[in-house]
Each structure stands twice: as structure tokens, then as C-alpha cells.
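J.: Input run.txt, format and content: compact mmCIF, C-alpha atoms and all ligand atoms.
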```
# COMPACT_ATOMS: atom_id res chain seq x y z
CA MET A 1 -38.01 -20.32 22.73
CA ALA A 2 -39.73 -23.65 21.93
CA GLN A 3 -37.32 -26.38 20.86
CA PRO A 4 -34.92 -24.57 18.55
CA LEU A 5 -34.26 -25.98 15.11
CA PHE A 6 -30.55 -25.45 15.64
CA GLU A 7 -28.39 -25.02 18.70
CA LEU A 8 -24.76 -24.63 19.65
CA ARG A 9 -23.90 -25.52 23.24
CA GLY A 10 -20.50 -24.48 24.54
CA VAL A 11 -19.01 -24.78 21.05
CA THR A 12 -15.30 -24.14 20.77
CA LYS A 13 -12.94 -24.34 17.84
CA HIS A 14 -9.20 -24.14 18.35
CA PHE A 15 -6.66 -24.01 15.57
CA ARG A 16 -2.98 -24.68 15.96
CA SER A 17 -1.15 -21.57 14.76
CA LYS A 18 1.88 -22.64 12.77
CA GLY A 19 3.60 -19.33 13.57
CA THR A 20 6.16 -17.50 11.45
CA LEU A 21 8.64 -19.26 9.17
CA ALA A 22 11.43 -18.61 11.71
CA GLU A 23 9.34 -20.16 14.50
CA ARG A 24 8.59 -23.22 12.34
CA LEU A 25 12.27 -23.66 11.45
CA LEU A 26 13.22 -23.43 15.12
CA ARG A 27 10.64 -26.08 15.94
CA LEU A 28 12.00 -28.33 13.21
CA ALA A 29 15.44 -27.91 14.78
CA GLY A 30 13.89 -28.97 18.09
CA SER A 31 14.40 -25.69 19.95
CA GLY A 32 11.26 -23.66 19.16
CA ARG A 33 8.16 -23.08 21.25
CA PRO A 34 5.20 -25.41 20.66
CA PRO A 35 2.54 -24.05 18.26
CA ALA A 36 0.19 -21.54 19.89
CA THR A 37 -3.54 -22.20 20.18
CA LEU A 38 -5.85 -19.84 18.31
CA ARG A 39 -9.33 -19.76 19.84
CA ALA A 40 -11.39 -18.95 16.75
CA VAL A 41 -14.65 -19.88 18.52
CA ASP A 42 -14.58 -19.90 22.29
CA GLY A 43 -17.52 -21.40 24.13
CA VAL A 44 -20.51 -20.24 22.07
CA ASP A 45 -24.13 -20.91 23.05
CA LEU A 46 -26.59 -20.00 20.34
CA ALA A 47 -30.08 -21.11 19.34
CA VAL A 48 -32.02 -20.50 16.14
CA ALA A 49 -35.80 -21.00 16.19
CA ARG A 50 -37.54 -22.69 13.28
CA GLY A 51 -38.41 -20.10 10.63
CA GLU A 52 -36.35 -17.26 12.04
CA VAL A 53 -33.48 -15.29 10.55
CA LEU A 54 -30.59 -14.95 12.97
CA GLY A 55 -28.01 -12.37 11.88
CA LEU A 56 -24.47 -13.04 13.07
CA VAL A 57 -22.25 -9.98 12.97
CA GLY A 58 -18.80 -8.88 14.05
CA GLU A 59 -15.52 -7.63 12.65
CA SER A 60 -13.40 -9.64 10.27
CA GLY A 61 -11.54 -12.38 12.14
CA CYS A 62 -13.96 -12.67 15.06
CA GLY A 63 -14.90 -16.27 14.15
CA LYS A 64 -18.13 -15.93 12.13
CA SER A 65 -17.07 -18.15 9.22
CA THR A 66 -15.67 -20.77 11.56
CA LEU A 67 -18.98 -20.83 13.43
CA ALA A 68 -20.90 -21.10 10.13
CA ARG A 69 -18.77 -24.02 8.97
CA ILE A 70 -19.29 -25.79 12.29
CA ALA A 71 -23.06 -25.27 11.94
CA THR A 72 -23.13 -27.05 8.57
CA GLY A 73 -21.00 -29.97 9.74
CA ILE A 74 -18.14 -29.03 7.37
CA LEU A 75 -15.87 -28.43 10.37
CA PRO A 76 -15.99 -30.44 13.59
CA PRO A 77 -15.85 -28.41 16.81
CA THR A 78 -12.95 -28.92 19.22
CA ALA A 79 -15.47 -29.08 22.06
CA GLY A 80 -19.17 -28.51 22.65
CA THR A 81 -22.32 -29.83 21.07
CA VAL A 82 -24.10 -29.00 17.82
CA VAL A 83 -27.80 -29.89 18.08
CA TYR A 84 -30.04 -30.09 15.03
CA ASP A 85 -33.78 -30.63 15.47
CA GLY A 86 -33.26 -31.82 19.03
CA ARG A 87 -30.47 -34.32 18.26
CA PRO A 88 -26.73 -33.87 18.86
CA THR A 89 -25.15 -34.13 15.41
CA ALA A 90 -21.89 -35.73 16.59
CA GLY A 91 -23.68 -39.03 17.29
CA LEU A 92 -25.48 -39.20 13.96
CA THR A 93 -24.47 -41.93 11.55
CA GLY A 94 -25.65 -43.32 8.21
CA ARG A 95 -28.97 -42.00 6.93
CA ALA A 96 -29.52 -39.71 9.93
CA ARG A 97 -26.17 -37.98 9.35
CA LEU A 98 -26.87 -37.59 5.64
CA ASP A 99 -30.29 -36.10 6.45
CA TYR A 100 -28.65 -33.51 8.71
CA LEU A 101 -26.01 -32.65 6.09
CA LEU A 102 -28.73 -32.19 3.47
CA LYS A 103 -31.15 -30.28 5.67
CA VAL A 104 -28.45 -27.73 6.56
CA GLN A 105 -27.04 -26.11 3.44
CA MET A 106 -24.37 -23.46 3.16
CA ILE A 107 -24.33 -20.49 0.80
CA PHE A 108 -20.81 -19.17 0.32
CA GLN A 109 -19.49 -15.65 -0.11
CA ASP A 110 -17.75 -16.19 -3.41
CA PRO A 111 -20.15 -17.94 -5.78
CA TYR A 112 -17.46 -18.44 -8.39
CA ALA A 113 -14.99 -20.18 -6.09
CA SER A 114 -17.71 -22.49 -4.78
CA LEU A 115 -18.88 -23.68 -8.24
CA ASP A 116 -16.84 -26.19 -10.24
CA PRO A 117 -15.92 -24.27 -13.43
CA ARG A 118 -15.82 -27.50 -15.47
CA MET A 119 -19.39 -28.49 -14.68
CA ARG A 120 -22.49 -27.39 -16.52
CA VAL A 121 -25.06 -25.62 -14.37
CA SER A 122 -27.51 -28.53 -14.61
CA ARG A 123 -24.89 -30.91 -13.20
CA ILE A 124 -23.87 -28.51 -10.41
CA ILE A 125 -27.48 -28.16 -9.28
CA GLY A 126 -28.37 -31.83 -9.71
CA GLU A 127 -25.18 -33.38 -8.36
CA ALA A 128 -26.26 -33.98 -4.75
CA LEU A 129 -29.64 -35.27 -5.94
CA SER A 130 -28.04 -37.90 -8.16
CA VAL A 131 -25.08 -38.79 -5.89
CA HIS A 132 -27.41 -39.49 -2.96
CA GLY A 133 -30.15 -41.01 -5.12
CA LEU A 134 -32.70 -38.44 -3.91
CA VAL A 135 -34.69 -38.47 -7.16
CA ALA A 136 -35.15 -41.10 -9.85
CA LYS A 137 -32.88 -40.60 -12.87
CA ALA A 138 -35.88 -39.84 -15.04
CA ASP A 139 -36.95 -37.01 -12.70
CA LEU A 140 -33.54 -35.36 -12.31
CA ALA A 141 -33.88 -32.87 -15.18
CA ALA A 142 -37.28 -31.71 -13.89
CA ALA A 143 -35.89 -31.30 -10.36
CA VAL A 144 -33.02 -29.17 -11.69
CA ASP A 145 -35.43 -27.06 -13.73
CA ARG A 146 -37.60 -26.56 -10.67
CA ALA A 147 -34.62 -25.38 -8.59
CA MET A 148 -33.56 -22.99 -11.38
CA GLY A 149 -37.08 -21.63 -11.55
CA GLU A 150 -37.14 -21.11 -7.77
CA VAL A 151 -34.17 -18.74 -7.98
CA GLY A 152 -35.23 -16.95 -11.17
CA LEU A 153 -32.67 -18.55 -13.50
CA ASP A 154 -33.75 -19.14 -17.08
CA ARG A 155 -33.90 -22.90 -17.69
CA ALA A 156 -32.59 -22.30 -21.21
CA TYR A 157 -29.19 -21.73 -19.57
CA ARG A 158 -28.99 -25.16 -17.94
CA ASP A 159 -26.13 -26.33 -20.21
CA ARG A 160 -23.92 -23.31 -19.64
CA TYR A 161 -20.83 -23.13 -17.45
CA PRO A 162 -20.43 -20.86 -14.39
CA HIS A 163 -18.11 -18.40 -16.17
CA GLN A 164 -20.93 -17.61 -18.61
CA PHE A 165 -22.99 -16.02 -15.81
CA SER A 166 -22.76 -12.72 -13.94
CA GLY A 167 -21.86 -12.63 -10.24
CA GLY A 168 -25.50 -12.34 -9.14
CA GLN A 169 -26.55 -15.20 -11.41
CA ARG A 170 -23.71 -17.35 -10.11
CA GLN A 171 -24.93 -16.77 -6.57
CA ARG A 172 -28.39 -17.86 -7.77
CA ILE A 173 -26.81 -21.08 -9.07
CA GLY A 174 -25.31 -21.66 -5.59
CA ILE A 175 -28.72 -21.05 -4.02
CA ALA A 176 -30.43 -23.39 -6.51
CA ARG A 177 -27.87 -26.09 -5.70
CA ALA A 178 -28.68 -25.72 -2.00
CA LEU A 179 -32.46 -25.63 -2.59
CA ALA A 180 -32.45 -28.71 -4.81
CA VAL A 181 -32.00 -31.00 -1.78
CA LYS A 182 -34.93 -29.33 0.05
CA PRO A 183 -33.11 -27.90 3.08
CA ASP A 184 -34.72 -26.47 6.20
CA PHE A 185 -31.80 -24.34 7.34
CA LEU A 186 -29.58 -22.11 5.19
CA VAL A 187 -26.28 -20.96 6.63
CA CYS A 188 -25.27 -17.96 4.55
CA ASP A 189 -21.69 -16.74 4.97
CA GLU A 190 -21.46 -13.18 3.63
CA PRO A 191 -23.61 -14.29 0.67
CA VAL A 192 -23.90 -10.89 -1.00
CA SER A 193 -20.73 -9.06 0.00
CA ALA A 194 -18.92 -10.05 -3.21
CA LEU A 195 -21.78 -8.68 -5.38
CA ASP A 196 -22.42 -5.22 -6.79
CA VAL A 197 -24.63 -3.12 -4.53
CA SER A 198 -27.44 -3.07 -7.11
CA ILE A 199 -27.42 -6.87 -7.29
CA GLN A 200 -27.16 -7.35 -3.52
CA ALA A 201 -30.73 -6.18 -2.95
CA GLN A 202 -32.08 -8.63 -5.56
CA VAL A 203 -30.32 -11.59 -3.97
CA VAL A 204 -31.38 -10.55 -0.46
CA ASN A 205 -34.97 -10.28 -1.70
CA LEU A 206 -34.65 -13.76 -3.16
CA PHE A 207 -33.56 -15.10 0.24
CA MET A 208 -36.59 -13.50 1.87
CA ASP A 209 -38.97 -14.78 -0.83
CA LEU A 210 -37.62 -18.30 -0.35
CA ARG A 211 -38.11 -17.96 3.38
CA ALA A 212 -41.74 -17.04 2.86
CA ARG A 213 -42.30 -19.77 0.26
CA HIS A 214 -40.59 -22.64 2.08
CA GLY A 215 -40.52 -21.58 5.75
CA LEU A 216 -36.71 -21.65 5.70
CA THR A 217 -34.58 -20.83 8.73
CA TYR A 218 -31.42 -18.73 8.28
CA LEU A 219 -28.13 -18.12 10.00
CA PHE A 220 -27.04 -15.05 8.10
CA VAL A 221 -23.40 -14.10 8.62
CA SER A 222 -22.46 -10.59 7.62
CA HIS A 223 -20.32 -7.67 8.60
CA ASP A 224 -22.94 -5.37 7.04
CA LEU A 225 -25.09 -4.26 9.95
CA GLY A 226 -27.45 -2.26 7.75
CA LEU A 227 -28.34 -5.43 5.86
CA VAL A 228 -28.58 -7.50 9.04
CA ARG A 229 -30.95 -4.97 10.60
CA HIS A 230 -33.12 -5.15 7.49
CA ILE A 231 -33.51 -8.94 7.33
CA SER A 232 -32.98 -10.41 10.82
CA ASP A 233 -35.49 -11.32 13.50
CA ARG A 234 -32.71 -11.73 16.03
CA VAL A 235 -29.07 -10.73 16.04
CA ALA A 236 -25.99 -12.23 17.69
CA ILE A 237 -22.89 -10.07 17.99
CA MET A 238 -19.55 -11.82 18.06
CA TYR A 239 -16.23 -10.58 19.38
CA LEU A 240 -12.99 -12.59 19.51
CA GLY A 241 -14.70 -15.96 19.25
CA ARG A 242 -17.54 -15.25 21.70
CA ILE A 243 -21.10 -13.99 21.46
CA VAL A 244 -21.19 -10.74 23.44
CA GLU A 245 -24.83 -9.84 22.85
CA SER A 246 -27.93 -11.42 21.35
CA GLY A 247 -31.58 -10.52 21.16
CA PRO A 248 -34.36 -9.22 18.91
CA ALA A 249 -32.87 -7.17 16.07
CA ALA A 250 -35.18 -4.19 16.63
CA ASP A 251 -34.24 -3.99 20.34
CA ILE A 252 -30.50 -4.28 19.79
CA PHE A 253 -30.44 -1.65 17.07
CA ALA A 254 -32.63 0.70 19.11
CA LYS A 255 -30.74 0.23 22.38
CA PRO A 256 -27.58 -1.89 22.24
CA ALA A 257 -26.57 -3.26 25.64
CA HIS A 258 -22.94 -4.11 24.94
CA PRO A 259 -20.51 -1.26 24.17
CA TYR A 260 -19.15 -3.29 21.25
CA SER A 261 -22.64 -3.56 19.73
CA ALA A 262 -23.09 0.19 20.26
CA ALA A 263 -19.75 0.89 18.54
CA LEU A 264 -20.66 -1.32 15.56
CA ILE A 265 -24.03 0.40 15.21
CA LYS A 266 -22.49 3.88 15.37
CA ALA A 267 -20.13 2.83 12.58
CA ILE A 268 -22.95 1.98 10.13
CA PRO A 269 -22.65 4.40 7.22
CA SER A 270 -26.04 5.90 6.46
CA ALA A 271 -27.16 8.71 4.20
CA ARG A 272 -29.84 9.70 6.73
CA ARG A 273 -27.55 9.73 9.76
CA ARG A 274 -26.46 13.10 11.09
CA LYS A 275 -22.70 13.49 10.67
CA ARG A 276 -22.02 13.79 14.42
CA ASP A 277 -23.74 10.45 15.11
CA PHE A 278 -21.43 8.51 12.82
CA GLN A 279 -18.28 7.19 14.43
CA PRO A 280 -15.89 4.74 12.81
CA LEU A 281 -14.94 1.76 14.95
CA GLN A 282 -11.92 2.64 17.10
CA GLY A 283 -8.91 0.37 17.64
CA GLU A 284 -8.02 -3.00 16.20
CA LEU A 285 -9.33 -6.47 16.91
CA PRO A 286 -6.70 -8.02 19.24
CA SER A 287 -5.03 -11.25 18.11
CA PRO A 288 -7.09 -14.32 18.99
CA LEU A 289 -3.71 -15.94 19.81
CA ALA A 290 -3.37 -13.62 22.81
CA PRO A 291 -6.80 -12.25 23.75
CA PRO A 292 -6.85 -9.60 26.50
CA GLY A 293 -7.65 -10.87 30.00
CA GLY A 294 -10.93 -10.04 31.74
CA CYS A 295 -13.46 -8.74 29.22
CA PRO A 296 -11.73 -9.15 25.82
CA PHE A 297 -13.27 -5.85 24.67
CA HIS A 298 -11.94 -3.77 27.59
CA PRO A 299 -8.91 -2.24 25.77
CA ARG A 300 -11.30 -0.66 23.24
CA CYS A 301 -14.22 0.06 25.55
CA GLU A 302 -15.05 3.62 26.56
CA HIS A 303 -16.86 2.35 29.67
CA ALA A 304 -14.08 0.01 30.89
CA MET A 305 -13.91 -0.28 34.69
CA ALA A 306 -11.32 -1.96 36.92
CA VAL A 307 -13.37 -5.17 37.03
CA CYS A 308 -13.35 -5.39 33.22
CA ARG A 309 -9.57 -5.85 33.21
CA GLU A 310 -9.78 -8.70 35.73
CA VAL A 311 -13.00 -10.65 35.31
CA ARG A 312 -14.52 -12.03 32.15
CA PRO A 313 -18.23 -11.12 32.20
CA ALA A 314 -20.66 -14.03 31.97
CA PHE A 315 -23.13 -14.17 29.07
CA VAL A 316 -26.40 -13.75 30.93
CA GLU A 317 -30.01 -12.77 30.33
CA ILE A 318 -30.38 -9.02 30.82
CA ALA A 319 -34.03 -8.78 29.73
CA PRO A 320 -36.51 -11.34 28.41
CA GLY A 321 -34.98 -12.78 25.23
CA ARG A 322 -31.86 -10.63 25.49
CA GLN A 323 -28.41 -11.72 26.61
CA ALA A 324 -25.15 -9.83 27.02
CA ALA A 325 -21.68 -10.37 28.43
CA CYS A 326 -20.84 -7.00 30.00
CA HIS A 327 -20.16 -5.82 33.54
CA LEU A 328 -22.39 -2.81 32.94
CA HIS A 329 -25.27 -5.29 33.05
CA THR A 330 -24.01 -8.02 35.37
CA PRO A 331 -22.84 -7.99 38.96
CA ALA A 332 -19.04 -7.70 39.28
CA GLU A 333 -18.81 -11.06 41.06
CA SER A 334 -19.96 -12.95 37.93
CA PRO A 335 -17.56 -15.76 37.00
N1 LIG A 401 -8.09 -23.27 9.16
C1 LIG A 401 -7.60 -22.35 9.98
N2 LIG A 401 -6.38 -22.48 10.55
C2 LIG A 401 -5.88 -21.54 11.40
N3 LIG A 401 -6.56 -20.42 11.75
C3 LIG A 401 -7.77 -20.22 11.21
C4 LIG A 401 -8.36 -21.18 10.30
N4 LIG A 401 -9.60 -20.70 9.94
C5 LIG A 401 -9.76 -19.53 10.59
N5 LIG A 401 -8.67 -19.24 11.34
C6 LIG A 401 -8.48 -18.06 12.21
O1 LIG A 401 -9.60 -18.04 13.09
C7 LIG A 401 -9.98 -16.68 13.34
C8 LIG A 401 -11.44 -16.52 12.96
O2 LIG A 401 -11.54 -16.64 11.54
P1 LIG A 401 -12.94 -16.58 10.77
O3 LIG A 401 -12.66 -16.70 9.29
O4 LIG A 401 -13.87 -17.55 11.37
O5 LIG A 401 -13.43 -15.10 11.11
P2 LIG A 401 -14.52 -14.19 10.38
O6 LIG A 401 -15.17 -13.39 11.45
O7 LIG A 401 -15.39 -15.04 9.54
O8 LIG A 401 -13.64 -13.27 9.47
P3 LIG A 401 -13.90 -12.83 7.94
O9 LIG A 401 -15.12 -11.96 7.98
O10 LIG A 401 -12.64 -12.10 7.59
O11 LIG A 401 -14.08 -14.11 7.17
C9 LIG A 401 -9.05 -15.80 12.52
O12 LIG A 401 -8.01 -15.35 13.37
C10 LIG A 401 -8.52 -16.74 11.46
O13 LIG A 401 -7.22 -16.37 11.05
```
Go through the file and emit its structure as C-alpha cells.

T.:
Amino acid sequence: MAQPLFELRGVTKHFRSKGTLAERLLRLAGSGRPPATLRAVDGVDLAVARGEVLGLVGESGCGKSTLARIATGILPPTAGTVVYDGRPTAGLTGRARLDYLLKVQMIFQDPYASLDPRMRVSRIIGEALSVHGLVAKADLAAAVDRAMGEVGLDRAYRDRYPHQFSGGQRQRIGIARALAVKPDFLVCDEPVSALDVSIQAQVVNLFMDLRARHGLTYLFVSHDLGLVRHISDRVAIMYLGRIVESGPAADIFAKPAHPYSAALIKAIPSARRRKRDFQPLQGELPSPLAPPGGCPFHPRCEHAMAVCREVRPAFVEIAPGRQAACHLHTPAESP
């Protein structure tokens, strides 16, 4: 890949787990165990090329949202480096930091929760433009109208409040707010999963139209593999805070290398799929407070070997442009 637009290098995010009420009370009394460390994101390397759609998938709790929030600068990583357009973001200050925060915009899952109910739509969409002085006061209304037009919202509704819109329209308001500041990179965290199925397709089509119109780059987080297959150029599959496989979407869906990817793909509900090919995902995601040793997927893996219980497989290239962390594809002596 030429210089990626966006990169994570060894990014880790740890949270302190407060534990149960009893554990907290014991700690207050001075006799409890120290808080445990939850490794929500655990040493992730990931690159997104300019103009591509990277789908990030995995079960609930595997760290996708945490990764998305780190990408947008909302959440600082515990360790590792976030690189945007060739520059580590941690060192950015002043105008350069603001540029990064504007160029990378986040689209949230719940459009209602992410819109201030007391603000009119025009103010929601224009707020960042006016706060950061990105357009002259006299041009603000036109800029808001342009953003509304981009997402197919009728400009006649500019003085309405979020509750006066449907779920799909509210998500369009969130997209218009992001587009208003002319981003390059949209980080979308389950952006259609709260919408009716009939509306989902319209919003997904809007994302793809905007990509074509503005050359946008996407990190598209979803647990819906059918959707990810449809829109992504490349896919990264996450399990317990780590990327276990990445590569071109068509290749991964045709021939997954990691047993976890294969299990996720077999669990995609599809009207066309023969009944015997469908298999719901077996087992539960282990607690990230106490991940299994060796390969974290081994307790649920139908191919688990002795080495999988002992040695964590390295995330290595298994074919041009494809990486996986699995002993089926790497020598057992990998670190
Ligand atoms: N602020 C926080 N404090 C403590 N733990 C957190 C915090 N945010 C996330 N976690 C934990 O980190 C892990 C990863 O959460 P995250 O929300 O990133 O996963 P996810 O894959 O996006 O899941 P979902 O699809 O359900 O949103 C989970 O165990 C979650 O409970």
C-alpha cells in the first residue's frame, strides 16, 4: 500500500475495571484486590488507504467502538501510535491538531443520542463551522444548506429540531454535520444498525454516493457481515481486542483464513444460503479481563491444536495483501 491515509501502529487501550460493588467496597476498606485491567484494544496494527472502505467486524465487546473512538481522536490510546496522513497525531498541536480532528469525522450508531435535542438542525450542522471560524458569518447559511442538500435533506426543514425527523433523517443530519467541515475520513460506528431495514439501504447508498462524489475514505464498523461484504474493499476481523485477519473483502468472504472469520461468515443469515451451510456462532466471547492464553480463540476453535493453547500466533502476511494470526497459517515457533 502507498502511504496510507490512516494508520494504527501497536495501538492498545486498557480500561481499569471497577469490579463489582462488593469488590469496590472491599477496596475502599483497604482490603480488596487492585482494579483489574481490561484490554479493550490490544496491540492493533491497521492501515487504511486513501479512498478505500475498510470494514471492521467482530462480535459485540471485541473492541470495535473503542478502536473507532481512538481513530477519531476522541479517546487517547494507552500505548501505540495513531498516524494520520503520514504524521503521528499525538504530537499535533494548535492548527495541525484541529485540522486532524476536522478531517476525521465520526458517524455514530444512535443519531438521536448524538444530536442535541435543543438545537435546530441548522445550528447542529453549522456549529463546527462557526465555532472554528471555518466560513464567514455571511456564508454560514449557504454552507448549511449545501450540507443538507448533499445528504438529501429538504432545506425547508433547517429550523426544525431533531425529534421532528425520522430515524433515517436524523442519521442524515449527523452525516451532514460531519460533511459540513469537509472531512477526508469518515469513521462510522454501526451507523445503520439502529435504523429500519428499509432505511438502512438508503443510508448505505448515501455513504457510497458521498464516497464517489468526494473521494472519502471510510472505516466502517459493523457486526453485520452481509453489509460489510457489500460495501468494503478490505475487511479487518477483530477478536478480543486484536485483529485476527485482514485482507481484500472478496478474498476473505470467498476463503477465510482464520477459523473465527470462517465462523462469522457461516453465521451470516441469508435467504439464498442452503440450510446446512448456515451455522450460528458457537460459544461466548471470553471476558477481556481474563483472555484465554495462547490463541485467544482456541477454546471456541474447531481446529485448535496443542500449540494454540500455549503460543499466541503472530499476525503475519499469509498471502500478498492478506494477514492472519493463526497457527494453521504460521509456523508453530512464531512468537
Ligand atoms: N469506558 C470504558 N470503561 C471500561 N470498559 C470499557 C469502556 N469502554 C469499553 N469498555 C469495554 O471494552 C470492551 C470493548 O468494548 P467496545 O465497546 O469497544 O466493543 P464493541 O466491539 O464495539 O462492542 P459493541 O458492538 O457492543 O459496541 C468491552 O468489554 C467493554 O465493556

J.: What is the CA of Arg242 in chain A to CA of Gly43 in chain A distance in Å?

T.: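 Those two atoms sit 6.6 Å apart.
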
J.: Each residue of chain A with at least one atom at most 7 Å from ligand LIG 401 (chain A) should appear once, together with its nearest atom pair and the corresponding distance in Å (one decimal); atoms considered: only C-alpha atoms and all ligand atoms; ordering: chain, then increasing residue number; output as CSV.

T.:
```
residue,atom,partner,partner_atom,distance
A:Phe15,CA,A:LIG401,C2,4.9
A:Arg16,CA,A:LIG401,C2,6.3
A:Ser17,CA,A:LIG401,C2,5.8
A:Leu38,CA,A:LIG401,N3,6.6
A:Arg39,CA,A:LIG401,O1,7.0
A:Ala40,CA,A:LIG401,O1,4.2
A:Gly58,CA,A:LIG401,O6,6.3
A:Glu59,CA,A:LIG401,O6,5.9
A:Ser60,CA,A:LIG401,O9,3.7
A:Gly61,CA,A:LIG401,O5,3.5
A:Cys62,CA,A:LIG401,O6,3.9
A:Gly63,CA,A:LIG401,O4,3.2
A:Lys64,CA,A:LIG401,O7,3.9
A:Ser65,CA,A:LIG401,O7,3.5
A:Thr66,CA,A:LIG401,O4,3.7
A:Leu67,CA,A:LIG401,O4,6.4
A:His223,CA,A:LIG401,O9,6.8
A:Ser287,CA,A:LIG401,O12,6.9
A:Pro288,CA,A:LIG401,O12,5.8
```

J.: Figure out the distance between CA of Leu54 in chain A and CA of Thr81 in chain A, please, to one decimal in Å.

T.: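 Separation between CA of Thr81 in chain A and CA of Leu54 in chain A: 18.9 Å.
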
J.: If we count only C-alpha atoms and set the cut-off at 9 Å, which residues sit around Ala178 in chain A, ignoring sequence neighbours fewer than 3 positions away in its own chain? Please answer as a list in words.

T.: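 Once the nearby chain positions are removed, what remains is Leu102, Val104, Gln105, Met106, Ile107, Ile125, Ala147, Ile173, Gly174, Ile175, Val181, Lys182, Pro183 and Leu186 of chain A.
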
J.: Atoms to include: C-alpha atoms. Write the selected residues as an mmCIF file, keeping the file's coordinate frame.

T.:
```
data_model
loop_
_atom_site.group_PDB
_atom_site.id
_atom_site.type_symbol
_atom_site.label_atom_id
_atom_site.label_comp_id
_atom_site.auth_asym_id
_atom_site.auth_seq_id
_atom_site.Cartn_x
_atom_site.Cartn_y
_atom_site.Cartn_z
ATOM 1 C CA LEU A 102 -28.730 -32.190 3.470
ATOM 2 C CA VAL A 104 -28.450 -27.730 6.560
ATOM 3 C CA GLN A 105 -27.040 -26.110 3.440
ATOM 4 C CA MET A 106 -24.370 -23.460 3.160
ATOM 5 C CA ILE A 107 -24.330 -20.490 0.800
ATOM 6 C CA ILE A 125 -27.480 -28.160 -9.280
ATOM 7 C CA ALA A 147 -34.620 -25.380 -8.590
ATOM 8 C CA ILE A 173 -26.810 -21.080 -9.070
ATOM 9 C CA GLY A 174 -25.310 -21.660 -5.590
ATOM 10 C CA ILE A 175 -28.720 -21.050 -4.020
ATOM 11 C CA VAL A 181 -32.000 -31.000 -1.780
ATOM 12 C CA LYS A 182 -34.930 -29.330 0.050
ATOM 13 C CA PRO A 183 -33.110 -27.900 3.080
ATOM 14 C CA LEU A 186 -29.580 -22.110 5.190
#
```

J.: Hey, which of A:Asp233, A:Asp251, A:Asp209, A:Glu302 ends up closest to Ala263 in chain A? Count only C-alpha atoms.

T.: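 Once distances to Ala263 in chain A are computed over only C-alpha atoms, the minimum belongs to A:Glu302.
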
J.: What does the distance between CA of Ala319 in chain A and CA of Pro299 in chain A come to in Å, to one decimal place?

T.: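 According to the coordinates, CA of Ala319 in chain A and CA of Pro299 in chain A are separated by 26.3 Å.
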
J.: Pick out the residues sitting within 10 Å of Ser114 in chain A, and hand them over as a ChimeraX atom specification; count only C-alpha atoms, and ignore anything fewer than 3 positions along from it in its own chain.

T.: /A:107-111,117,170-171,174

J.: Once you have the residues from the selection above, write them out as an mmCIF file, keeping the file's coordinate frame, restricted to C-alpha atoms.

T.:
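As a result, selection24.cif now contains:
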```
data_model
loop_
_atom_site.group_PDB
_atom_site.id
_atom_site.type_symbol
_atom_site.label_atom_id
_atom_site.label_comp_id
_atom_site.auth_asym_id
_atom_site.auth_seq_id
_atom_site.Cartn_x
_atom_site.Cartn_y
_atom_site.Cartn_z
ATOM 1 C CA ILE A 107 -24.330 -20.490 0.800
ATOM 2 C CA PHE A 108 -20.810 -19.170 0.320
ATOM 3 C CA GLN A 109 -19.490 -15.650 -0.110
ATOM 4 C CA ASP A 110 -17.750 -16.190 -3.410
ATOM 5 C CA PRO A 111 -20.150 -17.940 -5.780
ATOM 6 C CA PRO A 117 -15.920 -24.270 -13.430
ATOM 7 C CA ARG A 170 -23.710 -17.350 -10.110
ATOM 8 C CA GLN A 171 -24.930 -16.770 -6.570
ATOM 9 C CA GLY A 174 -25.310 -21.660 -5.590
#
```

J.: So which residues are close to (-29.2, -10.9, -7.6), meaning at most 9 Å away in the file's coordinates with all atoms listed in the file counted, and can you show them as a list in words?

T.: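 Result, sorted by chain then residue number: Gly167, Gly168, Gln169, Arg170, Gln171, Arg172, Val192, Leu195, Asp196, Ser198, Ile199, Gln200, Ala201, Gln202, Val203, Val204, Asn205 and Leu206 of chain A.
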
J.: Counting all atoms listed in the file, figure out which residue out of A:Leu134, A:Ala68, A:Leu26, A:Ile231 gets nearest to Leu98 in chain A.

T.: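 Using all atoms listed in the file, Leu98 in chain A sits closest to A:Leu134.
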
J.: Given all atoms listed in the file as the basis, pick out the residue of A:Val131, A:Val121, A:Val57, A:Val151 nearest to Leu264 in chain A.

T.: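 For Leu264 in chain A, the nearest of the candidates is A:Val57.
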
J.: Residues at most 10 Å from His298 in chain A, counting all atoms listed in the file, excluding those fewer than 2 positions away in the same chain, as a PDB file with C-alpha atoms, in the frame of the given file?

T.:
```
ATOM      1  CA  PRO A 259     -20.510  -1.260  24.170  1.00  0.00           C
ATOM      2  CA  TYR A 260     -19.150  -3.290  21.250  1.00  0.00           C
ATOM      3  CA  PRO A 292      -6.850  -9.600  26.500  1.00  0.00           C
ATOM      4  CA  GLY A 293      -7.650 -10.870  30.000  1.00  0.00           C
ATOM      5  CA  GLY A 294     -10.930 -10.040  31.740  1.00  0.00           C
ATOM      6  CA  CYS A 295     -13.460  -8.740  29.220  1.00  0.00           C
ATOM      7  CA  PRO A 296     -11.730  -9.150  25.820  1.00  0.00           C
ATOM      8  CA  ARG A 300     -11.300  -0.660  23.240  1.00  0.00           C
ATOM      9  CA  CYS A 301     -14.220   0.060  25.550  1.00  0.00           C
ATOM     10  CA  GLU A 302     -15.050   3.620  26.560  1.00  0.00           C
ATOM     11  CA  HIS A 303     -16.860   2.350  29.670  1.00  0.00           C
ATOM     12  CA  ALA A 304     -14.080   0.010  30.890  1.00  0.00           C
ATOM     13  CA  MET A 305     -13.910  -0.280  34.690  1.00  0.00           C
ATOM     14  CA  ALA A 306     -11.320  -1.960  36.920  1.00  0.00           C
ATOM     15  CA  VAL A 307     -13.370  -5.170  37.030  1.00  0.00           C
ATOM     16  CA  CYS A 308     -13.350  -5.390  33.220  1.00  0.00           C
ATOM     17  CA  ARG A 309      -9.570  -5.850  33.210  1.00  0.00           C
ATOM     18  CA  GLU A 310      -9.780  -8.700  35.730  1.00  0.00           C
ATOM     19  CA  ARG A 312     -14.520 -12.030  32.150  1.00  0.00           C
ATOM     20  CA  CYS A 326     -20.840  -7.000  30.000  1.00  0.00           C
TER      21      CYS A 326
END
```

J.: Neighbouring residues of Ala180 in chain A were defined as those with any atom within 9 Å, considering all atoms listed in the file; residues of the same chain fewer than 4 positions away were excluded. Please report them as an NGL selection string.

T.: :A and (125-126 or 128-129 or 143-144 or 146-148 or 175-176)

J.: Determine, counting all atoms listed in the file, which protein, DNA and RNA residues have an atom within 7 Å of an atom of Asp85 in chain A; residues of the same chain fewer than 5 positions away are not included. Present the result as a PDB file with C-alpha atoms, keeping the file's coordinate frame.

T.:
```
ATOM      1  CA  PRO A   4     -34.920 -24.570  18.550  1.00  0.00           C
ATOM      2  CA  LEU A   5     -34.260 -25.980  15.110  1.00  0.00           C
ATOM      3  CA  PHE A   6     -30.550 -25.450  15.640  1.00  0.00           C
TER       4      PHE A   6
END
```

J.: Find, counting only C-alpha atoms, the residue in A:Arg87, A:Arg177, A:Arg120, A:Arg158 that gets nearest to Glu7 in chain A.

T.: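 Closest to Glu7 in chain A, using only C-alpha atoms: A:Arg87.
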
J.: Taking all atoms of range 40-54 of chain A that appear in the file, build a box with edges along x, y and z, extend it by 4 Å on every side, and state its centre and edge lengths in Å to one decimal, as lines of an AutoDock Vina configuration file.

T.:
```
center_x = -24.9
center_y = -18.8
center_z = 17.3
size_x = 35.0
size_y = 15.7
size_z = 21.6
```
